[in-house]
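Structure data follow from final_32.csv (CSV, C-alpha atoms):
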```csv
chain,number,residue,atom,x,y,z
A,1,MET,CA,112.7,102.0,-53.6
A,2,ILE,CA,110.7,103.5,-56.5
A,3,ALA,CA,107.8,101.5,-57.9
A,4,LYS,CA,106.1,102.3,-61.2
A,5,ILE,CA,102.3,101.6,-61.2
A,6,ASN,CA,100.3,102.5,-64.3
A,7,ASN,CA,101.4,106.0,-65.2
A,8,PHE,CA,102.8,107.1,-61.8
A,9,GLU,CA,105.5,106.3,-59.4
A,10,VAL,CA,105.6,105.8,-55.6
A,11,ASP,CA,108.5,105.6,-53.2
A,12,LEU,CA,107.9,102.4,-51.2
A,13,SER,CA,110.6,103.4,-48.7
A,14,LYS,CA,108.3,106.2,-47.4
A,15,PRO,CA,105.1,104.6,-46.1
A,16,ILE,CA,102.5,106.6,-44.3
A,17,ASP,CA,100.9,104.4,-41.6
A,18,ILE,CA,97.3,105.5,-40.8
A,19,SER,CA,96.5,102.7,-38.4
A,20,ILE,CA,96.3,102.8,-34.6
A,21,SER,CA,98.3,100.2,-32.8
A,22,LEU,CA,96.7,97.8,-30.3
A,23,SER,CA,98.1,97.5,-26.8
A,24,ASN,CA,97.0,96.4,-23.3
A,25,THR,CA,97.4,99.9,-21.9
A,26,ASP,CA,95.0,102.6,-20.9
A,27,GLU,CA,96.2,104.5,-24.0
A,28,ASN,CA,94.4,102.0,-26.3
A,29,PRO,CA,91.3,103.5,-28.0
A,30,ILE,CA,88.0,101.8,-27.0
A,31,ALA,CA,84.5,101.7,-28.4
A,32,TRP,CA,81.3,99.8,-27.9
A,33,TYR,CA,81.4,99.5,-24.1
A,34,ILE,CA,84.2,96.9,-23.7
A,35,GLU,CA,87.3,97.0,-21.6
A,36,LYS,CA,90.9,97.4,-22.9
A,37,PRO,CA,92.6,94.5,-24.7
A,38,VAL,CA,94.4,91.8,-22.7
A,39,ILE,CA,97.9,90.7,-23.6
A,40,GLU,CA,99.4,88.3,-21.1
A,41,PRO,CA,101.8,85.3,-21.1
A,42,VAL,CA,100.6,81.7,-21.2
A,43,VAL,CA,100.8,80.0,-17.8
A,44,PHE,CA,101.1,76.2,-17.4
A,45,GLY,CA,101.5,75.4,-13.7
A,46,ASP,CA,104.7,77.2,-12.5
A,47,TRP,CA,105.8,77.8,-16.1
A,48,ILE,CA,105.2,81.4,-17.4
A,49,GLY,CA,105.7,82.3,-21.1
A,50,LYS,CA,107.8,85.3,-20.4
A,51,VAL,CA,111.6,85.5,-20.7
A,52,SER,CA,112.0,88.1,-18.0
A,53,GLU,CA,110.3,85.7,-15.5
A,54,GLY,CA,113.3,83.3,-16.0
A,55,LYS,CA,111.1,80.3,-16.7
A,56,SER,CA,110.8,80.5,-20.5
A,57,SER,CA,113.2,80.9,-23.4
A,58,THR,CA,110.5,82.8,-25.4
A,59,ASN,CA,107.8,85.3,-24.9
A,60,PHE,CA,104.5,83.5,-25.5
A,61,ASN,CA,101.5,85.7,-25.1
A,62,ASN,CA,97.7,85.2,-25.5
A,63,ILE,CA,95.9,88.2,-26.8
A,64,PHE,CA,92.2,88.9,-26.2
A,65,PHE,CA,90.7,91.8,-28.2
A,66,ASN,CA,87.7,92.8,-30.3
A,67,PRO,CA,88.5,94.1,-33.8
A,68,HIS,CA,85.5,96.4,-33.9
A,69,GLY,CA,86.2,98.1,-30.5
A,70,HIS,CA,89.9,98.1,-30.0
A,71,GLY,CA,91.5,99.9,-32.9
A,72,THR,CA,91.9,100.1,-36.7
A,73,HIS,CA,89.9,97.3,-38.4
A,74,THR,CA,88.5,96.4,-41.8
A,75,GLU,CA,85.2,94.8,-42.1
A,76,CYS,CA,83.1,93.2,-44.9
A,77,LEU,CA,79.3,93.0,-45.3
A,78,GLY,CA,79.3,89.9,-43.1
A,79,HIS,CA,79.3,92.4,-40.2
A,80,ILE,CA,75.6,92.9,-40.7
A,81,THR,CA,74.3,89.8,-42.4
A,82,ASN,CA,72.6,86.6,-41.1
A,83,ASN,CA,74.9,84.5,-43.3
A,84,PHE,CA,78.6,84.3,-42.6
A,85,TYR,CA,81.0,86.3,-44.8
A,86,SER,CA,84.6,86.6,-44.1
A,87,ILE,CA,86.8,89.6,-44.6
A,88,ASN,CA,89.6,87.2,-45.5
A,89,GLN,CA,87.5,85.9,-48.4
A,90,SER,CA,86.1,89.3,-49.4
A,91,LEU,CA,89.3,91.3,-49.7
A,92,LYS,CA,91.5,89.7,-52.3
A,93,GLN,CA,93.3,92.8,-53.7
A,94,PHE,CA,95.3,95.1,-51.5
A,95,PHE,CA,96.5,98.1,-53.5
A,96,PHE,CA,94.1,100.9,-54.5
A,97,LEU,CA,94.1,104.4,-55.8
A,98,ALA,CA,92.7,106.4,-52.9
A,99,GLU,CA,91.6,110.0,-52.2
A,100,LEU,CA,92.2,111.5,-48.8
A,101,ILE,CA,89.7,114.2,-47.8
A,102,SER,CA,89.2,116.3,-44.7
A,103,ILE,CA,85.6,117.1,-43.5
A,104,GLN,CA,84.2,119.1,-40.6
A,105,PRO,CA,81.0,117.2,-39.6
A,106,GLU,CA,77.9,119.4,-39.5
A,107,ALA,CA,75.5,119.9,-36.6
A,108,GLN,CA,72.2,118.4,-37.4
A,109,ASN,CA,69.4,117.4,-34.9
A,110,GLY,CA,71.8,117.3,-32.0
A,111,ASP,CA,74.4,115.1,-33.8
A,112,LEU,CA,77.5,115.8,-35.9
A,113,VAL,CA,77.1,114.3,-39.4
A,114,ILE,CA,78.9,113.9,-42.7
A,115,THR,CA,76.6,114.8,-45.6
A,116,LYS,CA,76.4,114.0,-49.3
A,117,LYS,CA,77.0,117.6,-50.2
A,118,GLN,CA,80.2,117.7,-48.2
A,119,LEU,CA,81.5,114.6,-49.9
A,120,GLU,CA,80.6,115.9,-53.4
A,121,MET,CA,82.5,119.1,-52.7
A,122,ALA,CA,85.5,117.3,-51.3
A,123,LEU,CA,85.8,114.8,-54.1
A,124,ASN,CA,85.1,117.3,-56.8
A,125,GLY,CA,84.1,114.8,-59.4
A,126,ASN,CA,86.9,112.2,-58.5
A,127,SER,CA,85.8,108.5,-58.3
A,128,PRO,CA,88.8,106.7,-56.7
A,129,GLU,CA,88.8,103.1,-55.7
A,130,ALA,CA,89.1,104.1,-52.0
A,131,ILE,CA,88.1,107.1,-50.0
A,132,ILE,CA,89.8,108.1,-46.7
A,133,ILE,CA,87.8,110.5,-44.6
A,134,ARG,CA,89.7,112.5,-42.0
A,135,THR,CA,87.3,114.4,-39.7
A,136,LEU,CA,88.0,117.8,-38.3
A,137,PRO,CA,89.1,118.8,-35.8
A,138,ASN,CA,91.8,116.2,-36.1
A,139,ASN,CA,93.0,115.9,-32.5
A,140,SER,CA,95.7,113.4,-31.6
A,141,ASP,CA,93.4,112.1,-28.8
A,142,LYS,CA,91.8,109.9,-31.5
A,143,ILE,CA,94.7,107.6,-30.9
A,144,SER,CA,93.5,106.8,-27.3
A,145,LYS,CA,89.9,108.1,-27.2
A,146,LYS,CA,87.2,106.3,-25.2
A,147,TYR,CA,84.2,106.5,-27.6
A,148,SER,CA,81.6,104.7,-25.6
A,149,HIS,CA,78.6,106.9,-24.8
A,150,THR,CA,80.0,109.9,-26.6
A,151,ASN,CA,77.8,109.9,-29.7
A,152,PRO,CA,80.6,110.4,-32.2
A,153,PRO,CA,80.0,111.9,-35.7
A,154,TYR,CA,78.7,109.6,-38.4
A,155,LEU,CA,77.8,109.3,-42.1
A,156,LEU,CA,74.2,110.1,-43.2
A,157,GLU,CA,72.6,107.4,-45.3
A,158,GLU,CA,72.6,109.8,-48.3
A,159,ALA,CA,76.4,110.2,-47.9
A,160,ALA,CA,76.9,106.4,-47.9
A,161,ILE,CA,74.7,106.0,-51.0
A,162,PHE,CA,76.7,108.7,-52.8
A,163,ILE,CA,79.9,106.8,-52.0
A,164,ARG,CA,78.4,103.6,-53.3
A,165,GLU,CA,77.0,105.2,-56.5
A,166,SER,CA,80.4,106.8,-57.1
A,167,GLY,CA,81.9,103.4,-57.5
A,168,ILE,CA,84.1,103.6,-54.5
A,169,GLN,CA,84.8,100.2,-53.2
A,170,HIS,CA,86.7,100.9,-50.0
A,171,LEU,CA,85.8,103.4,-47.3
A,172,LEU,CA,88.2,104.4,-44.5
A,173,ILE,CA,87.3,106.8,-41.7
A,174,ASP,CA,88.8,107.9,-38.4
A,175,LEU,CA,85.6,107.2,-36.4
A,176,PRO,CA,84.5,104.0,-34.5
A,177,SER,CA,81.6,103.6,-37.0
A,178,VAL,CA,80.1,105.0,-40.1
A,179,ASP,CA,76.7,104.9,-38.3
A,180,LYS,CA,75.4,106.6,-35.2
A,181,GLU,CA,76.4,105.0,-31.9
A,182,ASN,CA,72.8,104.4,-30.8
A,183,ASP,CA,70.6,104.1,-33.9
A,184,GLU,CA,68.3,101.3,-32.7
A,185,GLY,CA,70.1,98.8,-35.0
A,186,LYS,CA,69.2,100.6,-38.3
A,187,LEU,CA,72.8,100.7,-39.5
A,188,LEU,CA,71.7,102.9,-42.4
A,189,ALA,CA,75.1,103.9,-43.7
A,190,HIS,CA,76.5,100.3,-43.5
A,191,LYS,CA,73.6,98.9,-45.4
A,192,ALA,CA,73.7,101.7,-48.0
A,193,PHE,CA,77.4,101.4,-48.6
A,194,TRP,CA,77.2,97.6,-49.0
A,195,ASN,CA,73.8,97.8,-50.8
A,196,VAL,CA,72.4,95.3,-48.4
A,197,LYS,CA,68.6,95.4,-48.6
A,198,ASN,CA,67.8,92.4,-46.4
A,199,VAL,CA,70.2,91.0,-43.9
A,200,SER,CA,68.5,87.6,-44.0
A,201,HIS,CA,68.4,87.1,-47.8
A,202,LEU,CA,71.3,88.9,-49.5
A,203,ASN,CA,70.3,90.6,-52.8
A,204,ALA,CA,72.3,89.7,-55.9
A,205,ASP,CA,73.7,93.2,-56.2
A,206,ALA,CA,75.1,93.5,-52.7
A,207,ARG,CA,78.7,94.5,-52.7
A,208,LEU,CA,80.6,91.4,-51.5
A,209,ASN,CA,84.0,92.8,-52.1
A,210,ALA,CA,83.6,96.3,-50.7
A,211,THR,CA,85.1,97.1,-47.3
A,212,ILE,CA,84.8,99.6,-44.5
A,213,THR,CA,87.8,100.5,-42.4
A,214,GLU,CA,87.2,102.3,-39.1
A,215,MET,CA,89.3,103.9,-36.3
A,216,ILE,CA,92.2,105.1,-38.5
A,217,PHE,CA,94.3,108.2,-37.7
A,218,VAL,CA,95.8,110.5,-40.3
A,219,ASN,CA,98.4,113.0,-39.0
A,220,GLU,CA,98.0,116.7,-39.8
A,221,GLU,CA,101.1,116.8,-42.0
A,222,VAL,CA,99.6,114.3,-44.4
A,223,LYS,CA,97.9,116.5,-47.1
A,224,ASP,CA,94.5,115.9,-48.7
A,225,GLY,CA,94.9,114.4,-52.2
A,226,SER,CA,95.6,111.2,-54.1
A,227,TYR,CA,97.6,108.3,-52.7
A,228,LEU,CA,98.3,104.7,-53.3
A,229,LEU,CA,96.7,102.7,-50.5
A,230,ASN,CA,98.0,99.3,-49.3
A,231,LEU,CA,95.2,97.9,-47.2
A,232,GLN,CA,96.7,95.1,-45.1
A,233,ILE,CA,94.7,92.7,-42.9
A,234,ALA,CA,95.4,89.6,-40.8
A,235,SER,CA,94.0,86.4,-42.3
A,236,PHE,CA,91.0,86.1,-39.9
A,237,GLU,CA,88.0,84.1,-41.1
A,238,ASN,CA,85.7,86.6,-39.4
A,239,ASP,CA,83.6,89.5,-40.5
A,240,ALA,CA,86.4,91.9,-39.5
A,241,SER,CA,90.1,91.9,-39.0
A,242,PRO,CA,92.6,94.3,-37.3
A,243,SER,CA,94.2,96.1,-40.2
A,244,LYS,CA,97.1,98.3,-41.2
A,245,PRO,CA,96.3,100.7,-44.0
A,246,ILE,CA,99.4,102.3,-45.5
A,247,LEU,CA,99.5,105.3,-47.9
A,248,PHE,CA,102.2,106.2,-50.4
A,249,GLU,CA,102.6,109.6,-52.0
A,250,ILE,CA,102.1,109.5,-55.8
A,251,GLN,CA,105.0,111.0,-57.7
A,252,LYS,CA,103.6,112.4,-60.9
```
Produce structure tokens that represent the structure in this file.
Amino acid sequence: MIAKINNFEVDLSKPIDISISLSNTDENPIAWYIEKPVIEPVVFGDWIGKVSEGKSSTNFNNIFFNPHGHGTHTECLGHITNNFYSINQSLKQFFFLAELISIQPEAQNGDLVITKKQLEMALNGNSPEAIIIRTLPNNSDKISKKYSHTNPPYLLEEAAIFIRESGIQHLLIDLPSVDKENDEGKLLAHKAFWNVKNVSHLNADARLNATITEMIFVNEEVKDGSYLLNLQIASFENDASPSKPILFEIQK
């Protein structure tokens, strides 16, 4: 199915899923020192919500998970503020022009970081609505990686400021966080991207509708360049929701 949007076309029958699925197996990626998700049938006495157990006509599972630590998720500035802000209320549009870029984080003071200069070079003057950062090397173990205590790469504050000042509203990255794993709670990149100057008293120019999506995975065969992004979330009244970002190639 071909859809025409503005001056370009996309084939909606060829989606490129860049999300990581959530499961209750050891293959599920994990960050932030928690255990794997739990998916298990409801039990009432001797009744079990599982068809294969022979006591239920339906499969009826409870799911316990953390959106920030168990896979692809999209968050709003409510992730770092005293006052409550919901991703379900912050994200009201779901299609965006996006630029996929690949970056090899640089070694700096014992860390691997993404710099402003790298982003400038990769974007080459483009100012898309959304940016998708694929870090190199792009190993498939990102799909099941255990990130806790590994000090993954992250964005420098200057890089997050550059993204904000470029007018980019939606940031997607294949890391568990845009900030350093242990940064003493500074959250410099989160605050810079959302333009949050005080978590207790939100400034008028804070970016209420901007989002960060973390723990994506973009296969090698997907080339850098421009795409139509469909950013799908579940309707959670929470600072973050599990999400399913989908790309479509632009046919010019």
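Picture a line from atom CA of A:Ala159 to atom CA of A:Met215; it runs 18.5 Å.
Taking all atoms listed in the file into account, A:Ile63 lies nearest to A:Leu22 out of the set A:Leu22, A:Ile30, A:Val222, A:Val196.
Our summary of the geometry notes that atom CA of A:Gln93 is positioned 9.5 Å from atom CA of A:Gln232.
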Margin query: If we draw a sphere of 6 Å around (86.7, 92.7, -46.1), which residues have at least one atom in it when counting only C-alpha atoms? Please report them as JSON, numbers by chain.
Written below: {"A": [74, 75, 76, 87, 90, 91, 211]}
A:Leu247 proximity check over A:Phe96, A:Trp194, A:Tyr147, A:Trp32, using all atoms listed in the file: winner is A:Phe96
Give me, as a Markdown table, the closest atom pair and its distance (Å, one decimal) for every residue of stretch 158-242 of chain A within a cut-off of 9 Å of stretch 127-139 of chain A, counting only C-alpha atoms, rows sorted by chain and rising number.
```
| residue | atom | partner | partner_atom | distance |
| --- | --- | --- | --- | --- |
| A:Ile163 | CA | A:Ile131 | CA | 8.4 |
| A:Ser166 | CA | A:Ser127 | CA | 5.8 |
| A:Gly167 | CA | A:Ser127 | CA | 6.5 |
| A:Ile168 | CA | A:Glu129 | CA | 4.9 |
| A:Gln169 | CA | A:Glu129 | CA | 5.5 |
| A:His170 | CA | A:Ala130 | CA | 4.5 |
| A:Leu171 | CA | A:Ile131 | CA | 5.1 |
| A:Leu172 | CA | A:Ile132 | CA | 4.6 |
| A:Ile173 | CA | A:Ile133 | CA | 4.7 |
| A:Asp174 | CA | A:Arg134 | CA | 5.9 |
| A:Leu175 | CA | A:Thr135 | CA | 8.1 |
| A:Thr213 | CA | A:Ile132 | CA | 9.0 |
| A:Ile216 | CA | A:Arg134 | CA | 8.6 |
| A:Phe217 | CA | A:Arg134 | CA | 7.6 |
| A:Val218 | CA | A:Arg134 | CA | 6.6 |
| A:Asn219 | CA | A:Asn138 | CA | 7.9 |
| A:Glu220 | CA | A:Asn138 | CA | 7.2 |
| A:Asp224 | CA | A:Arg134 | CA | 8.9 |
| A:Ser226 | CA | A:Pro128 | CA | 8.6 |
| A:Leu229 | CA | A:Ala130 | CA | 7.9 |
```
For A:Ile18, the closest of A:Asn59, A:Asn109, A:Thr72, A:Thr81 counting only C-alpha atoms is A:Thr72
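A straight line drawn from atom CA of A:Phe193 to atom CA of A:Asn238 is 19.3 Å long.
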So which residues are close to (70.5, 92.7, -39.7), meaning at most 10 Å away in the file's coordinates with all atoms listed in the file counted, and can you show them as a PyMOL selection string? chain A and resi 78-83+185-187+191+196-200
Next on the checklist: What's around A:His149 at 10 Å? Count all atoms listed in the file, leave out sequence neighbours fewer than 2 positions away in its own chain, and write the answer as a VMD selection string.
Outcome noted: chain A and resid 31 to 33 146 to 147 151 to 152 181 to 182
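Using all atoms listed in the file, the nearest neighbour of A:Pro153 within the list A:Ala107, A:Ala240, A:Lys36, A:Asn126 is A:Ala107.
Ranking A:Ala189, A:Ile212, A:Ile143, A:Ile233 by their shortest atom-to-atom distance to A:Pro29, with all atoms listed in the file included, puts A:Ile143 first.
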Counting all atoms listed in the file, closest pick from A:Asn66, A:Glu120, A:Ala206, A:Val113 relative to A:Leu156 is A:Val113
Kindly write N, CA and C atoms of stretch 112-132 of chain A from the structure just given to a file, as an mmCIF file, in the first residue's frame.
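What follows is the written file selection-v5.cif:
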```cif
data_model
loop_
_atom_site.group_PDB
_atom_site.id
_atom_site.type_symbol
_atom_site.label_atom_id
_atom_site.label_comp_id
_atom_site.auth_asym_id
_atom_site.auth_seq_id
_atom_site.Cartn_x
_atom_site.Cartn_y
_atom_site.Cartn_z
ATOM 1 N N LEU A 112 32.869 6.119 26.769
ATOM 2 C CA LEU A 112 32.584 6.251 25.351
ATOM 3 C C LEU A 112 31.421 7.226 25.203
ATOM 4 N N VAL A 113 31.622 8.286 24.428
ATOM 5 C CA VAL A 113 30.631 9.363 24.378
ATOM 6 C C VAL A 113 30.314 9.754 22.937
ATOM 7 N N ILE A 114 29.122 10.340 22.769
ATOM 8 C CA ILE A 114 28.697 10.921 21.500
ATOM 9 C C ILE A 114 28.791 12.432 21.642
ATOM 10 N N THR A 115 29.512 13.075 20.731
ATOM 11 C CA THR A 115 29.805 14.497 20.843
ATOM 12 C C THR A 115 28.949 15.343 19.897
ATOM 13 N N LYS A 116 28.938 16.628 20.158
ATOM 14 C CA LYS A 116 28.252 17.581 19.280
ATOM 15 C C LYS A 116 28.842 17.541 17.880
ATOM 16 N N LYS A 117 30.154 17.502 17.774
ATOM 17 C CA LYS A 117 30.811 17.504 16.470
ATOM 18 C C LYS A 117 30.392 16.302 15.644
ATOM 19 N N GLN A 118 30.294 15.131 16.270
ATOM 20 C CA GLN A 118 29.868 13.939 15.550
ATOM 21 C C GLN A 118 28.453 14.097 14.996
ATOM 22 N N LEU A 119 27.559 14.659 15.800
ATOM 23 C CA LEU A 119 26.187 14.866 15.355
ATOM 24 C C LEU A 119 26.123 15.879 14.225
ATOM 25 N N GLU A 120 26.879 16.956 14.346
ATOM 26 C CA GLU A 120 26.913 17.973 13.291
ATOM 27 C C GLU A 120 27.332 17.368 11.961
ATOM 28 N N MET A 121 28.375 16.551 12.010
ATOM 29 C CA MET A 121 28.885 15.939 10.787
ATOM 30 C C MET A 121 27.883 14.948 10.208
ATOM 31 N N ALA A 122 27.248 14.174 11.065
ATOM 32 C CA ALA A 122 26.308 13.156 10.594
ATOM 33 C C ALA A 122 25.039 13.771 10.011
ATOM 34 N N LEU A 123 24.551 14.830 10.631
ATOM 35 C CA LEU A 123 23.322 15.467 10.150
ATOM 36 C C LEU A 123 23.568 16.356 8.937
ATOM 37 N N ASN A 124 24.771 16.917 8.864
ATOM 38 C CA ASN A 124 25.170 17.700 7.689
ATOM 39 C C ASN A 124 24.153 18.791 7.340
ATOM 40 N N GLY A 125 23.707 19.514 8.361
ATOM 41 C CA GLY A 125 22.787 20.624 8.135
ATOM 42 C C GLY A 125 21.322 20.253 8.153
ATOM 43 N N ASN A 126 20.978 18.969 8.190
ATOM 44 C CA ASN A 126 19.568 18.554 8.252
ATOM 45 C C ASN A 126 18.976 18.840 9.629
ATOM 46 N N SER A 127 17.714 19.197 9.658
ATOM 47 C CA SER A 127 16.998 19.436 10.920
ATOM 48 C C SER A 127 15.679 18.672 10.890
ATOM 49 N N PRO A 128 15.731 17.353 11.033
ATOM 50 C CA PRO A 128 14.506 16.542 10.963
ATOM 51 C C PRO A 128 13.670 16.705 12.225
ATOM 52 N N GLU A 129 12.462 16.196 12.175
ATOM 53 C CA GLU A 129 11.620 16.197 13.371
ATOM 54 C C GLU A 129 12.128 15.193 14.399
ATOM 55 N N ALA A 130 12.741 14.107 13.906
ATOM 56 C CA ALA A 130 13.241 13.052 14.794
ATOM 57 C C ALA A 130 14.618 12.611 14.326
ATOM 58 N N ILE A 131 15.450 12.224 15.283
ATOM 59 C CA ILE A 131 16.772 11.691 14.974
ATOM 60 C C ILE A 131 16.883 10.301 15.583
ATOM 61 N N ILE A 132 17.433 9.375 14.822
ATOM 62 C CA ILE A 132 17.628 8.001 15.265
ATOM 63 C C ILE A 132 19.122 7.730 15.256
#
```
